[in-house]
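Shown next, in structure tokens, is the structure this report addresses.
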Amino acid sequence: MKPLMSETRDAAALQELGRASVQIVHDLKNQINGLKLYATFLRKRLEKTEGRADELDTVNKLLAGLERAAADMTTLVRYGRPVELRRAPHVDLRRLLAAALGREPDAHGCGDACTGEFDQAALTEALQQIDAALAGPPPGAARLALHLRREDAGGASVAVIEWRGTRPTSGDLFDSFAGGQGLRLALAAKIISAHGGAIEHEAGTVRVRIPIKQ
């Protein structure tokens with residue numbers, strides 16, 4: 001199946017389709033959760049009765065697939081609903097990045113200048129999803145260079161977060177909806193947009209711009 005690309009179409013039709021899809025996916029997710037219960041029961045029974053290794057392996061693979069499907073559906077349902085931010089004052093983006101991604105950003109000259117009103121939980125989730133997607137396979141790949149700075153123009157202040165040294169990709173990572181990762185990146189972009197920000201993806205760099213509101 002080809003990835004669903006976001007193209008300019010009739011807005012009303014897309015909204016109607018989106019609402020219907022979200023409800024259908026919500027119902028399917030409930031059904032998958034029921035299947036997970038049956039699969040879990042089968043696995044426990046096989047473990048107790050020392051069932052054949054191939055049977056147990058099959059049930060474990062079934063459970064893993066159901067877990068992924070349920071997680072993707074949860075992400076899709078969340079994407080189809082408005083993002084409700086719970087902003088907190090005096091959130092230090094440098095500290096938030098360090099806590100969320102496990103490493104300090106290169107923030108020369110930023111100081112306390114990148115402190116503002118942000119939804120810490122939502123923004124942490126978005127940044128983690130972006131960082132995980134950009135790291136990519138294989139596991140344990142080198143972390144990308146992370147930078148943070150502040151830009152002031154026309155009386156407005158913007159925090160700029162950059163991942164430098166990204167791999168070449170075809171198309172827009174945040175608008176492809178290709179698989180579970182594509183859904184999570186689309187949700188991350190929506191969270192950034194809810195903060196009034198935007199994501200730019202160019203050769204070798206992914207850049208997040210977020211207005212700083214004091």
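Chain lettering (A, B, ...) mirrors the order of the structure tokens, residue numbering begins at 1 for each chain separately, and ligand numbering begins at 1 in order of display.
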
TODO: Taking the chain letters and numbering used in this document, name the residues of region 80-111 of chain A that DSSP puts in alpha helix (DSSP H), as a PyMOL selection string.
DONE: chain A and resi 93-101

- [ ] Using only C-alpha atoms, pick whichever of A:Leu28, A:Pro105, A:Asp175, A:Leu144 has the shortest atom-to-atom distance to Val77 (chain A).
- [x] A:Leu28

- [ ] Mind checking which residues fall within 10 Å of region 127-130 of chain A, counting only C-alpha atoms, ignoring those fewer than 5 positions away in the same chain, and posting them as a PyMOL selection string?
- [x] chain A and resi 96-97+100-102+122+135+161+163+173-174+181+184-189+191-192+206+208

File dump, residues just selected, C-alpha atoms, as a PDB file, in the first residue's frame:
ATOM      1  CA  LEU A  96      13.444  20.187  28.585  1.00  0.00           C
ATOM      2  CA  LEU A  97      15.578  18.994  25.662  1.00  0.00           C
ATOM      3  CA  ALA A 100      13.597  14.475  26.950  1.00  0.00           C
ATOM      4  CA  LEU A 101      16.482  13.382  24.734  1.00  0.00           C
ATOM      5  CA  GLY A 102      19.105  12.442  27.303  1.00  0.00           C
ATOM      6  CA  ALA A 122       3.213  17.380  24.810  1.00  0.00           C
ATOM      7  CA  ALA A 135      18.270   8.377  14.762  1.00  0.00           C
ATOM      8  CA  ILE A 161      15.849  23.583  17.667  1.00  0.00           C
ATOM      9  CA  TRP A 163      19.067  18.265  14.398  1.00  0.00           C
ATOM     10  CA  LEU A 173       9.013  12.964   6.831  1.00  0.00           C
ATOM     11  CA  PHE A 174       6.240  14.802   8.668  1.00  0.00           C
ATOM     12  CA  GLN A 181       6.494   6.119  12.515  1.00  0.00           C
ATOM     13  CA  ARG A 184       3.902   9.589  15.170  1.00  0.00           C
ATOM     14  CA  LEU A 185       5.848  12.205  13.210  1.00  0.00           C
ATOM     15  CA  ALA A 186       2.601  13.702  11.896  1.00  0.00           C
ATOM     16  CA  LEU A 187       1.332  13.945  15.482  1.00  0.00           C
ATOM     17  CA  ALA A 188       4.629  15.535  16.545  1.00  0.00           C
ATOM     18  CA  ALA A 189       4.246  18.138  13.800  1.00  0.00           C
ATOM     19  CA  ILE A 191       1.855  19.377  18.535  1.00  0.00           C
ATOM     20  CA  ILE A 192       4.521  21.803  17.293  1.00  0.00           C
ATOM     21  CA  VAL A 206      15.552  19.186  10.633  1.00  0.00           C
ATOM     22  CA  VAL A 208      11.775  23.216  14.728  1.00  0.00           C
TER      23      VAL A 208
END

Task: Contacts of Lys36 (chain A) at 8 Å (only C-alpha atoms; same-chain gap of 2+ positions) as a ChimeraX atom specification - done: /A:32-34,38-40,63,66-67

- [ ] Find the spatial neighbours of Asp106 (chain A), counting only C-alpha atoms, within a cut-off of 10 Å - ignore same-chain residues fewer than 4 positions away - and output them as a list in words.
- [x]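 In the requested form, the answer reads Arg94, Cys110, Ala145, Leu146, His147, Leu148, Arg149, Ile161 and Glu162 of chain A.
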
TODO: One decimal, Å: what's the distance from CA of Leu42 (chain A) over to CA of Asp72 (chain A), could you say?
DONE: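 One can read the CA of Leu42 (chain A) to CA of Asp72 (chain A) distance as 23.6 Å.
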
TODO: For Gln120 (chain A), please output as an MDAnalysis selection string all residues within 8 Å (counting only C-alpha atoms; exclusion window: fewer than 2 positions along the same chain).
DONE: chainID A and resid 87:88 91 96 118 122:124

For the structure I just gave you, how does DSSP split region 66-202 of chain A - specifically, which residues are strand (DSSP E or B)? Reply as a PDB file with C-alpha atoms, in the first residue's frame.
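Produced file result_22.pdb, reproduced below:
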ATOM      1  CA  ALA A  88       3.159  26.144  32.007  1.00  0.00           C
ATOM      2  CA  PRO A  89       5.157  29.354  32.547  1.00  0.00           C
ATOM      3  CA  HIS A  90       8.953  29.601  32.741  1.00  0.00           C
ATOM      4  CA  VAL A  91       9.668  26.335  30.896  1.00  0.00           C
ATOM      5  CA  ASP A  92      13.368  26.181  30.034  1.00  0.00           C
ATOM      6  CA  ASP A 106      24.552  23.060  21.923  1.00  0.00           C
ATOM      7  CA  THR A 115      12.362  30.139  28.498  1.00  0.00           C
ATOM      8  CA  GLY A 116       8.643  30.545  27.871  1.00  0.00           C
ATOM      9  CA  GLU A 117       5.165  29.072  28.148  1.00  0.00           C
ATOM     10  CA  PHE A 118       5.006  25.528  26.780  1.00  0.00           C
ATOM     11  CA  ALA A 145      24.115  17.059  16.620  1.00  0.00           C
ATOM     12  CA  LEU A 146      21.471  18.941  18.623  1.00  0.00           C
ATOM     13  CA  HIS A 147      21.403  22.751  18.639  1.00  0.00           C
ATOM     14  CA  LEU A 148      19.241  25.365  20.341  1.00  0.00           C
ATOM     15  CA  ARG A 149      19.188  29.123  19.798  1.00  0.00           C
ATOM     16  CA  ARG A 150      16.892  32.117  19.970  1.00  0.00           C
ATOM     17  CA  GLU A 151      15.991  34.433  17.127  1.00  0.00           C
ATOM     18  CA  ASP A 152      14.415  37.881  17.549  1.00  0.00           C
ATOM     19  CA  ALA A 153      12.819  39.697  14.621  1.00  0.00           C
ATOM     20  CA  ALA A 156       8.777  38.418  18.105  1.00  0.00           C
ATOM     21  CA  SER A 157      11.030  35.798  19.681  1.00  0.00           C
ATOM     22  CA  VAL A 158      11.399  32.260  18.360  1.00  0.00           C
ATOM     23  CA  ALA A 159      13.250  29.260  19.786  1.00  0.00           C
ATOM     24  CA  VAL A 160      15.022  27.266  17.075  1.00  0.00           C
ATOM     25  CA  ILE A 161      15.849  23.583  17.667  1.00  0.00           C
ATOM     26  CA  GLU A 162      17.991  21.844  15.057  1.00  0.00           C
ATOM     27  CA  TRP A 163      19.067  18.265  14.398  1.00  0.00           C
ATOM     28  CA  ARG A 164      22.074  18.427  12.089  1.00  0.00           C
ATOM     29  CA  ALA A 198       6.577  24.796  12.421  1.00  0.00           C
ATOM     30  CA  ILE A 199       9.007  22.117  11.254  1.00  0.00           C
ATOM     31  CA  GLU A 200      11.424  22.595   8.376  1.00  0.00           C
ATOM     32  CA  HIS A 201      13.205  19.676   6.732  1.00  0.00           C
ATOM     33  CA  GLU A 202      16.045  20.453   4.369  1.00  0.00           C
TER      34      GLU A 202
END

Task: From A:Gly180, A:Asp119, A:Gly197, A:Thr205, residue lying nearest Leu134 (chain A) [only C-alpha atoms] - done: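 Smallest separation from Leu134 (chain A) among the options: A:Thr205.
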
Task: Residue among A:Ala113, A:Val59, A:Ala194, A:Ala53 lying closest to Arg86 (chain A), counting only C-alpha atoms - done: A:Ala194
